[in-house]
$ cat start37.cif   # mmCIF, C-alpha atoms
data_query
#
loop_
_atom_site.label_atom_id
_atom_site.label_comp_id
_atom_site.auth_asym_id
_atom_site.auth_seq_id
_atom_site.Cartn_x
_atom_site.Cartn_y
_atom_site.Cartn_z
CA MET A 5 -15.06 -6.01 -36.80
CA SER A 6 -15.39 -4.51 -40.28
CA GLN A 7 -16.07 -1.06 -38.84
CA LEU A 8 -13.02 1.07 -38.03
CA ASN A 9 -13.88 4.62 -37.08
CA CYS A 10 -11.51 7.13 -38.66
CA ILE A 11 -11.35 10.94 -38.59
CA ASP A 12 -9.75 12.88 -41.44
CA ASP A 13 -7.95 16.16 -40.71
CA ALA A 14 -7.97 15.35 -37.01
CA PHE A 15 -6.28 16.41 -33.81
CA LEU A 16 -5.22 14.27 -30.86
CA LEU A 17 -4.48 15.90 -27.52
CA ILE A 18 -2.35 14.03 -24.98
CA GLU A 19 -1.83 15.09 -21.37
CA ASN A 20 -0.15 13.32 -18.43
CA GLY A 21 0.24 10.10 -20.39
CA LEU A 22 -3.45 9.85 -21.29
CA ILE A 23 -5.61 10.77 -24.25
CA LYS A 24 -7.33 14.01 -23.22
CA ASP A 25 -9.28 14.78 -26.38
CA PHE A 26 -9.55 14.15 -30.13
CA GLY A 27 -11.73 15.22 -33.02
CA LYS A 28 -11.82 17.31 -36.20
CA MET A 29 -9.10 19.93 -36.45
CA ASN A 30 -11.70 22.67 -36.89
CA ASP A 31 -13.04 21.85 -33.42
CA LEU A 32 -9.61 22.55 -31.92
CA LYS A 33 -8.81 25.73 -33.79
CA SER A 34 -11.01 28.00 -31.69
CA GLY A 35 -8.92 27.30 -28.61
CA ILE A 36 -5.57 26.54 -30.21
CA GLN A 37 -3.99 29.91 -29.32
CA ASN A 38 -4.46 29.20 -25.63
CA LEU A 39 -2.74 25.83 -26.00
CA LYS A 40 0.21 26.60 -28.24
CA SER A 41 2.50 27.85 -25.47
CA GLU A 42 1.82 24.77 -23.37
CA ILE A 43 2.02 21.89 -25.80
CA LYS A 44 4.48 20.14 -28.08
CA GLU A 45 2.97 19.95 -31.53
CA ILE A 46 3.57 17.09 -34.00
CA ASP A 47 2.60 17.60 -37.62
CA ALA A 48 1.11 14.34 -38.95
CA SER A 49 -0.04 15.70 -42.32
CA GLU A 50 -0.69 12.90 -44.85
CA LYS A 51 0.07 10.35 -42.13
CA PHE A 52 -2.07 8.02 -40.04
CA VAL A 53 -2.26 7.87 -36.24
CA PHE A 54 -3.09 4.41 -34.90
CA PRO A 55 -3.58 3.06 -31.39
CA CYS A 56 -0.55 0.91 -30.58
CA TRP A 57 -0.80 -2.80 -31.19
CA CYS A 58 -1.65 -5.03 -28.23
CA ASP A 59 0.23 -8.33 -28.48
CA SER A 60 -1.67 -10.76 -26.26
CA HIS A 61 0.44 -13.90 -26.77
CA THR A 62 4.26 -14.03 -26.63
CA HIS A 63 7.14 -16.07 -25.21
CA ILE A 64 9.67 -13.22 -25.33
CA VAL A 65 11.73 -14.44 -22.35
CA TYR A 66 14.00 -17.16 -23.73
CA ALA A 67 17.70 -17.96 -23.64
CA ALA A 68 18.62 -18.98 -27.20
CA SER A 69 17.36 -19.06 -30.76
CA ARG A 70 16.45 -22.33 -32.53
CA GLU A 71 17.37 -21.81 -36.17
CA LYS A 72 18.74 -25.37 -36.45
CA GLU A 73 15.17 -26.63 -36.04
CA PHE A 74 14.11 -24.22 -38.77
CA VAL A 75 16.58 -25.90 -41.11
CA ASP A 76 15.39 -29.36 -39.97
CA ARG A 77 11.83 -28.40 -40.93
CA LEU A 78 13.05 -27.26 -44.33
CA LYS A 79 14.51 -30.75 -44.72
CA GLY A 80 11.12 -32.32 -44.02
CA LEU A 81 10.96 -32.99 -40.27
CA SER A 82 7.68 -32.17 -38.51
CA TYR A 83 7.25 -30.17 -35.30
CA ILE A 84 6.56 -33.43 -33.42
CA GLU A 85 9.57 -35.23 -34.96
CA ILE A 86 11.87 -32.36 -33.99
CA ALA A 87 10.53 -32.50 -30.43
CA GLN A 88 11.13 -36.23 -30.27
CA ARG A 89 14.79 -35.65 -31.24
CA GLY A 90 15.33 -33.26 -28.32
CA GLY A 91 14.30 -30.07 -30.06
CA GLY A 92 11.19 -28.00 -29.55
CA ILE A 93 10.10 -26.64 -26.20
CA LEU A 94 12.47 -28.88 -24.22
CA ASN A 95 15.43 -27.45 -26.15
CA SER A 96 14.45 -24.00 -24.90
CA VAL A 97 13.97 -25.43 -21.41
CA LYS A 98 17.53 -26.74 -21.33
CA LYS A 99 18.99 -23.41 -22.46
CA LEU A 100 16.84 -21.34 -20.09
CA ARG A 101 17.77 -23.39 -17.04
CA GLU A 102 21.42 -22.64 -17.80
CA ALA A 103 20.88 -18.88 -18.18
CA SER A 104 21.05 -16.34 -15.38
CA GLU A 105 18.18 -14.04 -14.52
CA GLU A 106 20.23 -11.03 -15.61
CA GLU A 107 21.04 -12.59 -18.99
CA LEU A 108 17.34 -13.26 -19.57
CA VAL A 109 16.39 -9.71 -18.61
CA GLN A 110 18.89 -8.18 -21.02
CA SER A 111 17.97 -10.34 -24.01
CA ALA A 112 14.23 -9.93 -23.43
CA LEU A 113 14.60 -6.17 -23.05
CA MET A 114 16.17 -5.99 -26.51
CA ARG A 115 13.18 -7.83 -27.97
CA ILE A 116 10.72 -5.61 -26.11
CA ASN A 117 12.45 -2.51 -27.47
CA GLU A 118 12.27 -4.04 -30.95
CA ILE A 119 8.51 -4.64 -30.82
CA MET A 120 7.87 -1.23 -29.23
CA MET A 121 9.49 0.55 -32.16
CA LEU A 122 7.30 -1.58 -34.46
CA GLY A 123 4.22 -0.14 -32.79
CA THR A 124 3.41 -2.50 -29.91
CA GLY A 125 2.30 -0.71 -26.74
CA ALA A 126 1.17 -3.64 -24.57
CA VAL A 127 2.44 -7.20 -24.46
CA GLU A 128 1.67 -10.44 -22.66
CA ILE A 129 4.70 -12.61 -21.78
CA LYS A 130 4.52 -16.26 -20.74
CA SER A 131 6.75 -18.45 -18.64
CA GLY A 132 6.93 -22.09 -19.72
CA TYR A 133 10.60 -22.70 -20.51
CA GLY A 134 11.51 -23.51 -16.90
CA LEU A 135 9.21 -26.48 -16.14
CA ASN A 136 10.34 -26.73 -12.54
CA VAL A 137 9.63 -24.58 -9.51
CA THR A 138 12.96 -22.74 -9.53
CA ASP A 139 13.08 -21.85 -13.21
CA GLU A 140 9.39 -21.04 -13.68
CA LEU A 141 9.75 -18.59 -10.80
CA LYS A 142 12.95 -17.29 -12.38
CA MET A 143 11.10 -16.53 -15.63
CA LEU A 144 8.27 -14.78 -13.81
CA HIS A 145 10.75 -12.72 -11.79
CA VAL A 146 12.35 -11.69 -15.10
CA ILE A 147 8.94 -10.57 -16.40
CA LYS A 148 8.36 -8.63 -13.17
CA LYS A 149 11.73 -6.92 -13.63
CA LEU A 150 10.89 -6.07 -17.26
CA LYS A 151 7.78 -4.23 -16.06
CA THR A 152 10.05 -1.79 -14.22
CA LEU A 153 12.50 -1.36 -17.13
CA SER A 154 10.16 -0.95 -20.11
CA PRO A 155 7.48 1.68 -20.70
CA LEU A 156 5.25 -0.98 -22.28
CA THR A 157 2.29 -2.35 -20.37
CA ILE A 158 3.25 -5.97 -19.62
CA LYS A 159 0.99 -8.84 -18.51
CA ALA A 160 2.49 -12.06 -17.10
CA THR A 161 1.20 -15.58 -17.75
CA PHE A 162 2.24 -18.75 -15.92
CA LEU A 163 2.69 -21.58 -18.46
CA GLY A 164 4.17 -24.36 -16.37
CA ALA A 165 1.98 -26.75 -18.39
CA HIS A 166 3.83 -26.00 -21.62
CA ASP A 167 5.37 -29.48 -21.85
CA VAL A 168 6.35 -32.30 -19.52
CA PRO A 169 10.06 -32.02 -18.58
CA GLU A 170 12.39 -34.96 -19.20
CA GLU A 171 12.59 -35.81 -15.51
CA TYR A 172 8.80 -36.42 -15.41
CA LYS A 173 8.24 -38.01 -18.82
CA SER A 174 7.42 -41.37 -17.23
CA ASN A 175 5.06 -39.83 -14.65
CA LYS A 176 3.13 -36.86 -16.04
CA GLY A 177 0.67 -37.02 -13.16
CA LYS A 178 3.45 -36.25 -10.72
CA TYR A 179 4.44 -33.19 -12.76
CA ILE A 180 0.83 -31.98 -12.82
CA ASP A 181 0.78 -32.36 -9.03
CA LEU A 182 3.94 -30.22 -8.88
CA ILE A 183 2.20 -27.52 -10.93
CA ILE A 184 -0.92 -27.61 -8.79
CA LYS A 185 0.54 -28.08 -5.32
CA GLU A 186 3.79 -26.10 -5.52
CA MET A 187 4.05 -23.80 -8.54
CA ILE A 188 0.59 -22.23 -8.55
CA PRO A 189 0.48 -21.49 -4.78
CA ARG A 190 3.97 -19.92 -4.88
CA ILE A 191 3.16 -17.81 -7.93
CA ALA A 192 -0.13 -16.65 -6.43
CA GLU A 193 1.51 -15.84 -3.09
CA GLU A 194 4.17 -13.69 -4.77
CA LYS A 195 1.62 -12.18 -7.22
CA LEU A 196 3.88 -13.01 -10.17
CA ALA A 197 1.24 -13.77 -12.82
CA ASP A 198 -2.08 -12.47 -14.11
CA TYR A 199 -2.98 -15.58 -16.09
CA CYS A 200 -2.42 -19.34 -16.20
CA ASP A 201 -2.09 -21.04 -19.59
CA VAL A 202 -1.96 -24.72 -20.63
CA PHE A 203 -0.80 -26.30 -23.91
CA CYS A 204 -3.81 -28.53 -24.57
CA GLU A 205 -2.49 -30.82 -27.30
CA GLU A 206 -1.97 -34.48 -28.09
CA GLY A 207 1.31 -35.55 -26.46
CA TYR A 208 1.25 -32.59 -24.07
CA PHE A 209 -1.82 -32.01 -21.85
CA SER A 210 -5.29 -33.47 -22.39
CA LYS A 211 -8.57 -31.60 -22.14
CA ASP A 212 -9.26 -33.07 -18.67
CA GLU A 213 -5.74 -32.25 -17.46
CA THR A 214 -6.11 -28.72 -18.82
CA ILE A 215 -9.36 -28.19 -16.94
CA LYS A 216 -7.86 -29.59 -13.74
CA ILE A 217 -4.89 -27.21 -13.87
CA LEU A 218 -6.93 -24.15 -14.87
CA GLN A 219 -9.54 -24.69 -12.18
CA GLU A 220 -6.82 -24.89 -9.55
CA ALA A 221 -5.17 -21.77 -10.94
CA PHE A 222 -8.47 -19.88 -10.97
CA GLY A 223 -8.95 -20.78 -7.32
CA HIS A 224 -5.67 -18.94 -6.67
CA GLY A 225 -6.73 -15.86 -8.62
CA LEU A 226 -5.09 -16.65 -11.98
CA ILE A 227 -7.34 -16.11 -15.01
CA PRO A 228 -7.32 -19.05 -17.50
CA LYS A 229 -5.91 -19.03 -21.03
CA VAL A 230 -5.42 -22.03 -23.35
CA HIS A 231 -3.10 -23.01 -26.21
CA ALA A 232 -5.87 -24.71 -28.22
CA GLU A 233 -6.28 -26.76 -31.41
CA GLN A 234 -2.86 -25.92 -32.87
CA LEU A 235 -1.49 -29.27 -34.05
CA SER A 236 -4.68 -31.33 -33.78
CA HIS A 237 -8.19 -31.07 -32.40
CA SER A 238 -7.67 -31.80 -28.69
CA GLY A 239 -10.57 -30.12 -26.90
CA GLY A 240 -8.70 -26.97 -25.91
CA ILE A 241 -11.50 -24.61 -26.92
CA GLU A 242 -14.05 -26.67 -24.98
CA ALA A 243 -11.74 -26.63 -21.96
CA GLY A 244 -11.26 -22.87 -22.25
CA VAL A 245 -14.98 -22.15 -22.51
CA GLU A 246 -15.74 -24.47 -19.57
CA CYS A 247 -13.14 -22.66 -17.45
CA ASN A 248 -14.25 -19.20 -18.61
CA ALA A 249 -10.83 -18.52 -20.16
CA ILE A 250 -10.19 -14.97 -21.29
CA SER A 251 -8.77 -16.36 -24.55
CA VAL A 252 -8.07 -19.54 -26.48
CA ASP A 253 -5.11 -19.20 -28.84
CA HIS A 254 -3.81 -20.76 -32.12
CA LEU A 255 -7.03 -22.47 -33.37
CA GLU A 256 -5.81 -24.11 -36.60
CA TYR A 257 -8.04 -27.18 -36.02
CA THR A 258 -11.16 -25.33 -34.82
CA ASN A 259 -14.44 -26.95 -35.93
CA ASP A 260 -18.08 -25.82 -36.15
CA ASN A 261 -18.90 -27.08 -32.64
CA ASP A 262 -16.04 -24.99 -31.25
CA ILE A 263 -17.36 -21.89 -33.02
CA ALA A 264 -20.82 -22.52 -31.55
CA ALA A 265 -19.31 -22.91 -28.07
CA LEU A 266 -17.35 -19.65 -28.41
CA LYS A 267 -20.48 -17.77 -29.51
CA ASN A 268 -22.04 -18.54 -26.13
CA SER A 269 -18.99 -17.49 -24.10
CA SER A 270 -16.91 -14.47 -23.13
CA THR A 271 -13.72 -16.17 -24.38
CA MET A 272 -11.78 -14.38 -27.14
CA PRO A 273 -10.56 -16.62 -29.99
CA THR A 274 -7.00 -15.51 -30.74
CA ILE A 275 -5.20 -16.46 -33.94
CA LEU A 276 -1.41 -16.43 -34.27
CA PRO A 277 -0.61 -15.93 -37.96
CA GLY A 278 3.16 -15.93 -37.48
CA ALA A 279 3.24 -19.43 -35.98
CA GLN A 280 0.83 -20.84 -38.55
CA PHE A 281 2.91 -19.31 -41.35
CA PHE A 282 6.28 -20.38 -39.93
CA LEU A 283 5.19 -23.99 -39.27
CA GLN A 284 3.06 -24.17 -42.45
CA LEU A 285 0.04 -25.42 -40.52
CA PRO A 286 -3.54 -25.39 -41.87
CA TYR A 287 -5.23 -22.00 -41.86
CA PRO A 288 -7.45 -21.40 -38.81
CA PRO A 289 -11.04 -20.65 -39.90
CA ALA A 290 -10.84 -16.92 -39.19
CA ARG A 291 -13.27 -15.94 -41.93
CA LYS A 292 -15.83 -18.49 -40.75
CA MET A 293 -15.53 -17.31 -37.14
CA ILE A 294 -15.99 -13.65 -38.07
CA ASP A 295 -18.88 -14.42 -40.41
CA ALA A 296 -20.51 -16.37 -37.55
CA GLY A 297 -20.46 -13.19 -35.48
CA LEU A 298 -17.42 -13.87 -33.31
CA ALA A 299 -14.88 -11.26 -32.37
CA VAL A 300 -11.35 -12.44 -33.21
CA ALA A 301 -7.98 -11.26 -31.89
CA ILE A 302 -4.54 -11.74 -33.44
CA ALA A 303 -1.15 -11.82 -31.74
CA SER A 304 2.46 -12.56 -32.68
CA ASP A 305 3.35 -15.65 -30.58
CA TYR A 306 6.92 -14.26 -30.57
CA ASN A 307 9.06 -17.26 -29.54
CA PRO A 308 12.31 -18.93 -30.65
CA GLY A 309 10.79 -22.11 -32.08
CA SER A 310 7.63 -21.46 -34.04
CA SER A 311 7.30 -17.68 -34.50
CA PRO A 312 10.61 -15.81 -34.16
CA SER A 313 9.10 -12.40 -34.87
CA GLY A 314 7.12 -9.91 -32.82
CA ASN A 315 6.36 -7.64 -35.78
CA MET A 316 2.63 -6.99 -35.40
CA ASN A 317 2.57 -5.09 -38.72
CA LEU A 318 3.53 -8.35 -40.42
CA VAL A 319 0.98 -10.24 -38.33
CA VAL A 320 -1.76 -7.85 -39.51
CA ALA A 321 -0.64 -8.31 -43.12
CA LEU A 322 -0.62 -12.12 -42.79
CA ALA A 323 -4.14 -12.04 -41.35
CA CYS A 324 -5.28 -10.16 -44.45
CA ILE A 325 -3.29 -12.15 -47.01
CA GLN A 326 -3.81 -15.65 -45.62
CA TYR A 327 -7.19 -15.52 -43.90
CA LYS A 328 -8.92 -12.92 -46.12
CA MET A 329 -9.54 -10.57 -43.21
CA THR A 330 -10.10 -6.99 -44.34
CA PRO A 331 -7.59 -4.36 -43.17
CA GLU A 332 -10.26 -3.01 -40.81
CA GLU A 333 -10.91 -6.45 -39.32
CA ALA A 334 -7.21 -7.19 -38.88
CA ILE A 335 -6.51 -3.81 -37.25
CA ASN A 336 -9.41 -4.28 -34.82
CA ALA A 337 -8.12 -7.79 -34.10
CA ALA A 338 -4.65 -6.44 -33.27
CA THR A 339 -5.84 -3.54 -31.11
CA ILE A 340 -9.15 -3.49 -29.22
CA ASN A 341 -9.81 -7.25 -29.47
CA SER A 342 -6.28 -8.25 -28.47
CA ALA A 343 -6.48 -5.70 -25.64
CA TYR A 344 -9.55 -7.62 -24.41
CA ALA A 345 -7.56 -10.88 -24.62
CA MET A 346 -5.12 -9.46 -22.07
CA GLY A 347 -7.65 -7.71 -19.84
CA LEU A 348 -6.77 -4.21 -21.06
CA SER A 349 -9.69 -3.12 -23.24
CA GLN A 350 -10.68 -0.40 -20.76
CA SER A 351 -7.28 1.30 -21.03
CA HIS A 352 -5.68 0.21 -24.33
CA GLY A 353 -6.48 -0.77 -27.89
CA SER A 354 -8.29 2.32 -29.19
CA ILE A 355 -8.07 6.10 -29.28
CA ALA A 356 -10.55 7.15 -26.62
CA LYS A 357 -10.63 9.81 -23.93
CA GLY A 358 -8.98 8.65 -20.73
CA LYS A 359 -7.15 5.72 -22.30
CA LYS A 360 -3.37 5.32 -22.27
CA ALA A 361 -1.69 7.59 -24.80
CA ASN A 362 -0.10 4.69 -26.69
CA VAL A 363 -0.18 5.56 -30.38
CA PHE A 364 2.06 5.39 -33.42
CA ILE A 365 2.29 7.70 -36.41
CA THR A 366 3.00 6.28 -39.84
CA LYS A 367 5.07 7.78 -42.59
CA GLU A 368 3.11 9.41 -45.40
CA ILE A 369 0.88 6.67 -46.82
CA PRO A 370 -2.05 6.93 -49.24
CA SER A 371 -4.61 4.87 -47.33
CA LEU A 372 -5.23 2.71 -44.28
CA ALA A 373 -5.05 -0.44 -46.42
CA PHE A 374 -1.50 0.50 -47.48
CA LEU A 375 -0.22 -0.66 -44.07
CA PRO A 376 -0.96 -4.41 -44.56
CA TYR A 377 -0.56 -4.10 -48.34
CA SER A 378 3.07 -2.99 -47.99
CA PHE A 379 3.92 -5.94 -45.75
CA GLY A 380 7.70 -5.78 -46.19
CA SER A 381 8.17 -2.12 -45.28
CA ASN A 382 8.57 -0.42 -41.93
CA LEU A 383 6.02 2.38 -42.24
CA ILE A 384 6.11 3.55 -38.61
CA GLU A 385 7.74 6.94 -38.11
CA THR A 386 6.95 7.87 -34.48
CA VAL A 387 5.99 5.78 -31.46
CA ILE A 388 4.38 7.39 -28.41
CA ILE A 389 4.08 5.31 -25.22
CA ASN A 390 2.40 6.70 -22.11
CA GLY A 391 2.34 10.09 -23.83
CA LYS A 392 6.11 10.16 -24.43
CA ILE A 393 7.79 10.04 -27.81
CA GLN A 394 10.22 7.15 -27.83
CA PRO A 395 13.75 8.38 -28.51
CA ALA A 396 15.43 8.17 -31.90
CA LYS A 397 18.15 5.91 -30.44
CA ASN A 398 15.53 3.18 -30.25
CA LYS A 399 14.59 3.58 -33.91
CA LEU A 400 14.75 0.56 -36.17
CA PRO A 401 16.31 0.92 -39.64
CA ASP A 402 13.88 1.46 -42.51
#
$ encode --input "start37.cif" --output "C-alpha cells"
Amino acid sequence: MSQLNCIDDAFLLIENGLIKDFGKMNDLKSGIQNLKSEIKEIDASEKFVFPCWCDSHTHIVYAASREKEFVDRLKGLSYIEIAQRGGGILNSVKKLREASEEELVQSALMRINEIMMLGTGAVEIKSGYGLNVTDELKMLHVIKKLKTLSPLTIKATFLGAHDVPEEYKSNKGKYIDLIIKEMIPRIAEEKLADYCDVFCEEGYFSKDETIKILQEAFGHGLIPKVHAEQLSHSGGIEAGVECNAISVDHLEYTNDNDIAALKNSSTMPTILPGAQFFLQLPYPPARKMIDAGLAVAIASDYNPGSSPSGNMNLVVALACIQYKMTPEEAINAATINSAYAMGLSQSHGSIAKGKKANVFITKEIPSLAFLPYSFGSNLIETVIINGKIQPAKNKLPD
C-alpha cells in the first residue's frame, strides 16, 4: 500500500470513455502530429492527474438531515442514548417512509453531483431506511433510477438488517423472517441489489443472525458485506470472513484475532474515517492492519446521522492525520482498494489501459502529499467521468 506509481511529465490518452494509453510525454511526441486534429487537449502542467475516488460505503438516499442529534451529542448524549430517544436510524426510517420516490431521487441526485465534483467516480449506495418490504424496495428503485441519471458507476446494497423497526421491536425473529422470506427473494427477482449488508452490533443484529441473513442472501445471488465492530466488538468480522464477504466496514473495535482472520480471507477491511471522527469513536487499528500485511480500503459512509459528508478528499486527509497512514497508503485505500470493496477493481480505481476514464485533475500543487495536507481546500479543478469533462455548471465553489 505504500507504493503509488507516478509518472512525471506524462500524457494520458482517453478514447470512447476508456483509458487508451499513458506514459512519458516524450513517448507520445513522435506521433502527436497525427493526433492533434482528432483530440481535445488539456494542459495539466504543474498539476496532478488522479484516478477518481471509489466510495464503497454510503447511505446517500435519505429523506432528511439529523442535525438535532448532532447538537444532542455535543450536549453529551451517546449514539445509543439518542437511538433510545427515537433518534438514530429509526428517525431516518420515519422520514423516508413519508417521502415519495421522486423526492428521494432528486435529493440523492444533488448529493451524487456534489461527490462527483469532489472527485468520486464510483459509489456504493445502501438501502436500510425503509425496514419494510415496500420502503426497502422503494429505496432500491431510487438507486436503480439514479444509475440512469448519473454518469457515476453506482452499486446497490440491500441493508434491510440495518435496525429492527418499531413494529417488530418485541419480535426481532419475525422481522428477520421478513427479511429472509420476503425482502431478499423480491430483491433478487427484480435484480435490485448487488450486495446484502447487515449491521452486526449489540442491540441490532448478532453474529449468528448476521450469518443467517447473509447466507440466505448469498443463496439468492447477493454478495455479503458487514457493518462490523463499530460501537463494540460483536463478531462482525468473524461473520464476514465466514460468509466470504467482499468487505467488512467500520472496524473501530477490531482485535488481533480479527486481523489474523482477515489475513486468511479475501475480505477487504474498510475503514470509515468520517463516521469515526463525527461520533468521536476509538480509532480503528489501521496502522496495525497495514503493518500486518493487510490491504485496507477507506470510504465516506455519507449518511445523515453519523457522517454527513461524502468528501473523499477529507476522508483521505483524516486517514493520514488520525491513523498515521501515509498519503500513498490513503490514496491506494480510496482508489484501487475501495474499488475492490465494491467489485470494480478490474475497471476502476487506477489509471490503466482499458479501464474507465474516470480521473480528476488538481489545481497546481507542489506535491502529492499536498492533497491530504491541505485538508480544508478544494484542490480539484477538472473532473472527467467516462471520458467526458463534467460541465462547469456542476462546479463546487472553491
$ atom_distance --input "start37.cif" --atom1 "CA of Leu276 in chain A" --atom2 "CA of Ile302 in chain A"
5.7 Å
$ resolve_selection --input "start37.cif" --expression "the PyMOL selection byres ((chain A and resi 326-328) around 12)" --output "NGL selection string"
:A and (256 or 275-278 or 280-281 or 284-295 or 300 or 302 or 318-325 or 329-334 or 376)
$ residues_around --input "start37.cif" --residues "Arg101 in chain A" --least-positions-apart "2" --cutoff "7 Å" --atoms "all atoms listed in the file" --output "list in words"
Val97, Lys98, Lys99, Ala103, Gly134 and Asp139 of chain A
$ residues_around --input "start37.cif" --residues "Gly223 in chain A" --least-positions-apart "3" --cutoff "10 Å" --atoms "all atoms listed in the file" --output "VMD selection string"
chain A and resid 188 to 189 192 218 to 220 226 to 227
$ closest_residue --input "start37.cif" --among "A:Leu94, A:Cys204, A:Ile18, A:Ile64" --to "Ile46 in chain A" --atoms "all atoms listed in the file"
A:Ile18
$ atom_distance --input "start37.cif" --atom1 "CA of Asp12 in chain A" --atom2 "CA of Asp59 in chain A"
26.8 Å
$ residues_near_point --input "start37.cif" --point "(-4.0, -21.6, -30.1)" --cutoff "10 Å" --atoms "only C-alpha atoms" --output "number ranges by chain"
A: 61, 203-205, 229-235, 240-241, 251-258, 273-276, 279-280, 288, 305
$ resolve_selection --input "start37.cif" --expression "the PyMOL selection byres ((chain A and resi 269) around 12)" --output "number ranges by chain"
A: 241-252, 262-268, 270-273, 298-299
$ residues_near_point --input "start37.cif" --point "(-11.5, -33.1, -22.9)" --cutoff "9 Å" --atoms "all atoms listed in the file" --output "list of chain:residue names"
A:Ser210, A:Lys211, A:Asp212, A:Glu213, A:Thr214, A:Ile215, A:Ser238, A:Gly239, A:Gly240, A:Glu242, A:Ala243
$ atom_distance --input "start37.cif" --atom1 "CA of Ala112 in chain A" --atom2 "CA of Leu100 in chain A"
12.2 Å
$ resolve_selection --input "start37.cif" --expression "the PyMOL selection byres ((chain A and resi 10) around 12)" --output "compact mmCIF listing (two decimals) with C-alpha atoms, in the frame of the given file"
# COMPACT_ATOMS: atom_id res chain seq x y z
CA GLN A 7 -16.07 -1.06 -38.84
CA LEU A 8 -13.02 1.07 -38.03
CA ASN A 9 -13.88 4.62 -37.08
CA ILE A 11 -11.35 10.94 -38.59
CA ASP A 12 -9.75 12.88 -41.44
CA ASP A 13 -7.95 16.16 -40.71
CA ALA A 14 -7.97 15.35 -37.01
CA PHE A 15 -6.28 16.41 -33.81
CA PHE A 26 -9.55 14.15 -30.13
CA GLY A 27 -11.73 15.22 -33.02
CA LYS A 28 -11.82 17.31 -36.20
CA PHE A 52 -2.07 8.02 -40.04
CA VAL A 53 -2.26 7.87 -36.24
CA PHE A 54 -3.09 4.41 -34.90
CA PRO A 55 -3.58 3.06 -31.39
CA GLU A 332 -10.26 -3.01 -40.81
CA SER A 354 -8.29 2.32 -29.19
CA ILE A 355 -8.07 6.10 -29.28
CA SER A 371 -4.61 4.87 -47.33
CA LEU A 372 -5.23 2.71 -44.28
$ closest_residue --input "start37.cif" --among "A:Gly380, A:Phe364, A:Asn315, A:Ala356" --to "Lys24 in chain A" --atoms "all atoms listed in the file"
A:Ala356
$ closest_residue --input "start37.cif" --among "A:Leu283, A:Leu16, A:Ala68, A:Cys58" --to "His352 in chain A" --atoms "all atoms listed in the file"
A:Cys58
